[in-house]
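Visitor: Contents are CSV, C-alpha atoms and all ligand atoms; file name my_file18.csv:
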chain,number,residue,atom,x,y,z
D,1,MET,CA,0.0,0.0,0.0
D,2,LEU,CA,2.8,2.5,0.9
D,3,ALA,CA,4.7,1.6,-2.3
D,4,GLU,CA,1.7,2.3,-4.4
D,5,LEU,CA,1.1,5.6,-2.7
D,6,LEU,CA,4.7,6.7,-3.1
D,7,ALA,CA,4.6,5.7,-6.8
D,8,THR,CA,1.5,7.9,-7.4
D,9,ASP,CA,1.9,11.0,-9.5
D,10,GLY,CA,2.2,14.2,-7.4
D,11,VAL,CA,3.1,12.4,-4.1
D,12,VAL,CA,6.4,13.8,-2.7
D,13,GLU,CA,8.5,11.9,-0.1
D,14,HIS,CA,10.8,14.1,2.0
D,15,CYS,CA,13.7,12.9,4.0
D,16,GLU,CA,16.1,15.4,5.6
D,17,LEU,CA,18.6,13.8,7.9
D,18,ARG,CA,20.1,16.3,10.3
D,19,SER,CA,20.2,15.8,14.1
D,20,ALA,CA,20.2,12.1,15.1
D,21,ALA,CA,18.6,12.9,18.5
D,22,VAL,CA,15.2,14.0,17.2
D,23,GLY,CA,13.2,13.7,14.0
D,24,PHE,CA,9.8,14.9,13.0
D,25,LEU,CA,7.3,12.8,10.9
D,26,ALA,CA,4.4,14.0,8.8
D,27,ILE,CA,3.2,10.9,6.9
D,28,HIS,CA,-0.2,12.3,6.0
D,29,GLY,CA,1.0,15.6,4.6
D,30,GLY,CA,-1.4,17.3,2.2
D,31,LEU,CA,-4.2,15.0,3.5
D,32,GLU,CA,-4.1,16.4,7.1
D,33,ALA,CA,-3.8,20.1,6.5
D,34,ALA,CA,-0.7,21.9,7.7
D,35,THR,CA,0.9,18.8,9.4
D,36,PHE,CA,3.7,18.8,6.8
D,37,GLU,CA,4.2,22.6,7.1
D,38,ILE,CA,4.4,22.4,10.9
D,39,ALA,CA,6.8,19.5,11.0
D,40,HIS,CA,8.9,21.1,8.3
D,41,ALA,CA,9.1,24.4,10.3
D,42,VAL,CA,9.9,22.8,13.6
D,43,ALA,CA,12.6,20.6,12.0
D,44,ARG,CA,14.2,23.5,10.2
D,45,ARG,CA,14.2,25.7,13.2
D,46,SER,CA,15.7,23.1,15.5
D,47,ASN,CA,18.0,21.3,13.1
D,48,ALA,CA,16.0,18.1,13.7
D,49,SER,CA,15.6,15.5,11.0
D,50,LEU,CA,12.4,15.2,8.9
D,51,TYR,CA,10.5,12.5,7.1
D,52,ALA,CA,7.2,13.4,5.4
D,53,VAL,CA,4.9,12.2,2.6
D,54,VAL,CA,2.9,14.9,1.0
D,55,GLN,CA,-0.1,14.2,-1.3
D,56,PRO,CA,-1.3,16.6,-4.0
D,57,PRO,CA,-4.7,18.3,-3.3
D,58,ASP,CA,-6.6,16.0,-5.7
D,59,LEU,CA,-5.5,12.8,-3.8
D,60,GLN,CA,-7.2,11.7,-0.6
D,61,TRP,CA,-5.6,8.4,0.2
D,62,HIS,CA,-5.3,7.6,3.9
D,63,VAL,CA,-2.7,4.9,4.3
D,64,PRO,CA,-2.8,3.9,8.0
D,65,SER,CA,0.4,4.6,10.0
D,66,HIS,CA,1.1,1.0,10.6
D,67,ARG,CA,1.3,0.4,6.8
D,68,TYR,CA,4.2,2.8,6.6
D,69,ARG,CA,6.6,-0.1,6.9
D,70,THR,CA,10.3,0.7,6.7
D,71,GLU,CA,11.1,-2.1,4.2
D,72,LEU,CA,8.8,-0.4,1.7
D,73,SER,CA,10.7,2.9,1.6
D,74,ALA,CA,14.5,3.4,1.6
D,75,LYS,CA,14.0,7.0,2.8
D,76,LEU,CA,11.7,6.0,5.7
D,77,SER,CA,14.2,3.3,6.6
D,78,ALA,CA,17.1,5.7,6.6
D,79,PHE,CA,15.2,8.1,8.8
D,80,CYS,CA,14.3,5.4,11.3
D,81,GLN,CA,17.9,4.2,11.5
D,82,HIS,CA,19.2,7.8,11.8
D,83,VAL,CA,16.9,9.1,14.5
D,84,ASP,CA,16.7,8.4,18.2
D,85,VAL,CA,13.3,9.9,19.3
D,86,SER,CA,10.6,10.8,16.7
D,87,ILE,CA,7.6,13.1,17.0
D,88,SER,CA,4.9,12.3,14.5
D,89,LEU,CA,2.3,15.0,13.6
D,90,HIS,CA,-1.2,14.1,12.5
D,91,GLY,CA,-4.4,16.0,12.0
D,92,TYR,CA,-7.8,14.7,13.2
D,93,GLY,CA,-11.2,16.1,13.9
D,94,GLY,CA,-11.0,15.9,17.7
D,95,ILE,CA,-12.3,13.2,20.0
D,96,ARG,CA,-15.8,12.4,18.9
D,97,ASP,CA,-18.7,13.4,21.2
D,98,CYS,CA,-16.5,15.6,23.3
D,99,ASP,CA,-17.8,19.2,23.7
D,100,ASP,CA,-14.3,20.5,23.4
D,101,ARG,CA,-13.3,18.3,20.4
D,102,TRP,CA,-12.0,21.3,18.4
D,103,THR,CA,-9.6,22.2,21.1
D,104,THR,CA,-8.5,18.7,22.2
D,105,VAL,CA,-5.0,17.4,21.3
D,106,ALA,CA,-4.4,13.7,21.7
D,107,ILE,CA,-0.9,12.7,22.5
D,108,GLY,CA,0.0,9.0,21.7
D,109,GLY,CA,3.1,7.0,20.8
D,110,ALA,CA,5.0,4.5,22.8
D,111,ARG,CA,7.2,7.0,24.7
D,112,ARG,CA,4.7,7.8,27.4
D,113,ASP,CA,7.3,9.7,29.5
D,114,LEU,CA,8.0,12.1,26.6
D,115,ALA,CA,4.3,12.3,25.7
D,116,HIS,CA,3.6,13.5,29.2
D,117,LYS,CA,6.4,16.1,29.0
D,118,ILE,CA,5.2,17.5,25.8
D,119,GLY,CA,1.6,17.6,27.1
D,120,VAL,CA,2.8,19.6,30.2
D,121,ALA,CA,4.8,22.0,28.1
D,122,LEU,CA,1.9,22.6,25.7
D,123,SER,CA,-0.5,23.1,28.5
D,124,GLU,CA,1.8,25.7,30.1
D,125,ASN,CA,2.2,27.6,26.9
D,126,PHE,CA,-1.5,27.5,25.8
D,127,GLY,CA,-3.2,27.8,29.2
D,128,GLU,CA,-6.9,26.8,29.1
D,129,ARG,CA,-7.4,27.4,25.4
D,130,TYR,CA,-6.7,23.8,24.5
D,131,ARG,CA,-6.8,20.4,26.3
D,132,PHE,CA,-3.8,18.2,25.9
D,133,VAL,CA,-4.6,14.5,26.6
D,134,SER,CA,-1.5,12.5,27.4
D,135,ASP,CA,-3.1,10.0,29.6
D,136,ILE,CA,-3.2,7.1,27.2
D,137,VAL,CA,-6.4,5.5,28.5
D,138,ALA,CA,-8.2,8.8,27.7
D,139,VAL,CA,-7.0,8.7,24.1
D,140,PRO,CA,-9.4,6.7,21.8
D,141,SER,CA,-7.6,3.5,20.6
D,142,GLU,CA,-7.4,4.7,16.9
D,143,TYR,CA,-5.3,7.7,18.0
D,144,ARG,CA,-3.0,6.0,20.4
D,145,GLY,CA,-0.2,5.4,18.0
D,146,LEU,CA,1.1,2.3,19.8
D,147,HIS,CA,1.3,-0.2,16.9
D,148,ALA,CA,4.9,-1.5,16.7
D,149,ASP,CA,4.9,-1.0,12.9
D,150,ASN,CA,3.9,2.7,13.1
D,151,PRO,CA,7.1,4.6,12.2
D,152,VAL,CA,6.9,6.7,15.3
D,153,ASN,CA,7.7,3.5,17.2
D,154,GLN,CA,10.4,2.4,14.7
D,155,THR,CA,13.1,4.8,15.7
D,156,ARG,CA,15.7,3.7,18.3
D,157,GLY,CA,14.2,5.6,21.2
D,158,GLY,CA,10.6,5.3,20.1
D,159,GLY,CA,8.4,8.4,19.9
D,160,VAL,CA,5.4,10.5,20.4
D,161,GLN,CA,2.4,10.9,18.1
D,162,ILE,CA,0.4,14.1,18.3
D,163,GLU,CA,-3.1,14.3,16.9
D,164,LEU,CA,-3.9,18.0,16.1
D,165,PRO,CA,-7.4,19.3,15.7
D,166,PRO,CA,-8.0,21.8,12.9
D,167,ARG,CA,-7.9,25.0,15.0
D,168,ILE,CA,-4.4,24.6,16.3
D,169,ARG,CA,-3.2,24.0,12.7
D,170,GLY,CA,-4.8,27.2,11.6
D,171,ASN,CA,-7.4,25.3,9.5
D,172,SER,CA,-10.6,26.7,11.1
D,173,PRO,CA,-13.0,29.6,10.4
D,174,VAL,CA,-12.1,31.1,13.8
D,175,TRP,CA,-8.9,32.4,12.1
D,176,HIS,CA,-10.7,34.0,9.2
D,177,GLU,CA,-9.8,37.5,10.2
D,178,THR,CA,-6.4,36.7,11.7
D,179,PRO,CA,-3.3,37.7,9.7
D,180,ARG,CA,-0.7,35.0,9.2
D,181,ASN,CA,3.0,35.3,9.8
D,182,ASP,CA,5.7,35.0,7.2
D,183,GLY,CA,5.6,31.2,7.5
D,184,GLY,CA,1.9,31.2,6.9
D,185,PHE,CA,1.0,30.3,10.5
D,186,VAL,CA,-1.6,31.7,12.8
D,187,PRO,CA,-0.5,32.5,16.4
D,188,ASP,CA,-1.6,29.2,17.9
D,189,THR,CA,0.3,27.2,15.3
D,190,GLU,CA,3.4,29.4,16.0
D,191,VAL,CA,3.1,28.6,19.7
D,192,LEU,CA,2.9,24.9,18.9
D,193,ILE,CA,5.9,25.1,16.6
D,194,GLU,CA,8.0,26.9,19.2
D,195,THR,CA,7.0,24.5,22.0
D,196,LEU,CA,8.1,21.5,19.8
D,197,ARG,CA,11.2,23.3,18.8
D,198,THR,CA,12.2,23.8,22.4
D,199,PHE,CA,11.4,20.1,23.2
D,200,ALA,CA,13.7,19.1,20.3
D,201,LEU,CA,16.5,21.4,21.4
D,202,VAL,CA,16.3,19.9,25.0
D,203,GLN,CA,16.4,16.4,23.6
D,204,MET,CA,19.5,17.4,21.6
D,205,GLY,CA,21.2,18.7,24.7
D,206,VAL,CA,21.2,22.2,23.4
D,207,VAL,CA,20.8,24.6,26.3
D,208,VAL,CA,17.7,26.8,25.9
D,209,LYS,CA,18.0,30.0,27.9
D,210,SER,CA,14.8,31.2,29.5
D,211,THR,CA,14.2,34.9,29.4
D,212,ASN,CA,11.5,37.2,30.7
D,213,ASP,CA,10.7,38.6,27.3
D,214,ASP,CA,8.0,37.3,25.0
D,215,ALA,CA,10.1,34.3,23.9
D,216,GLY,CA,10.4,33.3,27.6
D,217,ALA,CA,6.8,32.2,27.6
D,218,ILE,CA,7.5,29.5,25.0
D,219,ASN,CA,10.9,28.5,26.2
D,220,HIS,CA,9.5,26.1,28.7
D,221,ASP,CA,12.1,24.1,30.5
D,222,PHE,CA,11.4,20.4,29.8
D,223,ALA,CA,13.5,19.2,32.7
D,224,ASP,CA,11.6,17.4,35.5
D,301,ZN,ZN,-2.7,10.9,10.1
Show me this structure written as C-alpha cells.
Guide:
Amino acid sequence: MLAELLATDGVVEHCELRSAAVGFLAIHGGLEAATFEIAHAVARRSNASLYAVVQPPDLQWHVPSHRYRTELSAKLSAFCQHVDVSISLHGYGGIRDCDDRWTTVAIGGARRDLAHKIGVALSENFGERYRFVSDIVAVPSEYRGLHADNPVNQTRGGGVQIELPPRIRGNSPVWHETPRNDGGFVPDTEVLIETLRTFALVQMGVVVKSTNDDAGAINHDFAD
C-alpha cells in the first residue's frame, strides 16, 4: 500500500537527515492540513531530522500509519535508522462526542514519558485554550499510535504521536480575520511550533536560555 502511494503522481516523499537525536514525521501531509508545514518548520528551526509524505490536493488516500513499513521505503528506513526519538504529527477532527473536540489534542506514541512532558509544556504555553490529553487511557484507541509498525515507534528511542485538531493547525473559520505570519502560520500554530522546537533542542542537549521577554513564555524548561 505504501509503495503504491509513493509511486502515485504528485506524491512527494521528503527525507532530511540532520540531528540524530530528534526527528519529525508528517506521513499524512497534504491530506491532514498543515501537518507537513508544521513538521517542516519545527525541523528546520531546531535542526531536527524530517520525514514526510505529501499528497497533492486531488488525492485523498489515507494509508494507515502501521502500513508505513520501513522495508517499503528506503527514505523512511534511513530516517528510522538515523533518528533516536521521533515526533509524528497528524491531523484529526478531535475526540468524537467531546464538547471540546475542536480544542483537544491527543498525545499518543510508545514513549509515554516524553508524551507527558510534551503535554505539560503545551498546557503551560497554551493555558486553558486547549486540552492536551497525554493519559493514554483517555485517548481513543485509533489515535494511540502504539502499533509496533507505526514509524513513530520504529526509531531507536521510540516516539510521540500528536493528533492535532484543525484549530491549532490554523485550519478553522475562527482564524478567518487573523493575519498569518511570514511562515503562513496563525498565532496558535506558532506557539505549537515553538514548543516543539524547544522540546527538540532539549532532547538534543542544546541549552535553551529562558528569558522574561515574549520568547520566555514559550521557552518552557522540559527538565523534571
Ligand atoms: Zn494521520
Visitor: I'd like to know which of D:Ala148, D:Val120, D:Ala115, D:Leu164 is closest to Thr35 (chain D), using all atoms listed in the file.
Guide: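 Nearest to Thr35 (chain D): D:Leu164.
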Visitor: Compile the contact shell of region 63-76 of chain D as a PyMOL selection string: residues with an atom at most 7 Å away, counting all atoms listed in the file, same-chain residues fewer than 2 positions apart removed.
Guide: chain D and resi 1-3+15+51+61+78-80+147+149-151
Visitor: Hey, which of D:Gly91, D:Gly23, D:Gly30, D:Gly108 ends up closest to ligand ZN 301 (chain D)? Count all atoms listed in the file.
Guide: D:Gly91
Visitor: Which residues are near ligand ZN 301 (chain D) - at most 10 Å, using all atoms listed in the file? Format: as an mmCIF file with C-alpha atoms, keeping the file's coordinate frame.
Guide:
data_model
loop_
_atom_site.group_PDB
_atom_site.id
_atom_site.type_symbol
_atom_site.label_atom_id
_atom_site.label_comp_id
_atom_site.auth_asym_id
_atom_site.auth_seq_id
_atom_site.Cartn_x
_atom_site.Cartn_y
_atom_site.Cartn_z
ATOM 1 C CA ALA D 26 4.400 14.000 8.800
ATOM 2 C CA ILE D 27 3.200 10.900 6.900
ATOM 3 C CA HIS D 28 -0.200 12.300 6.000
ATOM 4 C CA GLY D 29 1.000 15.600 4.600
ATOM 5 C CA LEU D 31 -4.200 15.000 3.500
ATOM 6 C CA GLU D 32 -4.100 16.400 7.100
ATOM 7 C CA ALA D 33 -3.800 20.100 6.500
ATOM 8 C CA THR D 35 0.900 18.800 9.400
ATOM 9 C CA HIS D 62 -5.300 7.600 3.900
ATOM 10 C CA VAL D 63 -2.700 4.900 4.300
ATOM 11 C CA PRO D 64 -2.800 3.900 8.000
ATOM 12 C CA SER D 65 0.400 4.600 10.000
ATOM 13 C CA SER D 88 4.900 12.300 14.500
ATOM 14 C CA LEU D 89 2.300 15.000 13.600
ATOM 15 C CA HIS D 90 -1.200 14.100 12.500
ATOM 16 C CA GLY D 91 -4.400 16.000 12.000
ATOM 17 C CA TYR D 92 -7.800 14.700 13.200
ATOM 18 C CA TYR D 143 -5.300 7.700 18.000
ATOM 19 C CA GLY D 145 -0.200 5.400 18.000
ATOM 20 C CA GLN D 161 2.400 10.900 18.100
ATOM 21 C CA ILE D 162 0.400 14.100 18.300
ATOM 22 C CA GLU D 163 -3.100 14.300 16.900
ATOM 23 C CA LEU D 164 -3.900 18.000 16.100
#
Visitor: What's the separation between CA of Ala52 (chain D) and CA of Asn153 (chain D), in Å to one decimal place?
Guide: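 Between CA of Ala52 (chain D) and CA of Asn153 (chain D) the gap works out to 15.4 Å.
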Visitor: Skipping near chain neighbours, those fewer than 5 positions away, what residues fall within 9 Å of Ala106 (chain D) using only C-alpha atoms, listed as a list in words?
Guide: Gly94, Ile95, Gly119, Arg131, Phe132, Val133, Ser134, Asp135, Ile136, Ala138, Val139, Pro140, Tyr143, Arg144, Gln161, Ile162, Glu163, Leu164 and Pro165 of chain D
Visitor: For Ser141 (chain D), which residue among D:Pro166, D:Asn125, D:Gly109, D:Asp84 is the nearest when counting only C-alpha atoms?
Guide: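 Of all the options, D:Gly109 lies closest to Ser141 (chain D).
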Visitor: What's the separation between CA of Thr198 (chain D) and CA of Ser123 (chain D), in Å to one decimal place?
Guide: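 About the pair CA of Thr198 (chain D) and CA of Ser123 (chain D): they are 14.1 Å apart.
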Visitor: Using all atoms listed in the file, find the one residue out of D:Leu196, D:Glu13, D:Ala39, D:Ser86 that sits nearest to Val54 (chain D).
Guide: D:Glu13
Visitor: From the options D:Gln55, D:Asn47, D:Ser19, D:Thr8, which residue's atoms come nearest to Arg197 (chain D), counting all atoms listed in the file?
Guide: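 Looking at the shortest contact to Arg197 (chain D), the residue is D:Asn47.
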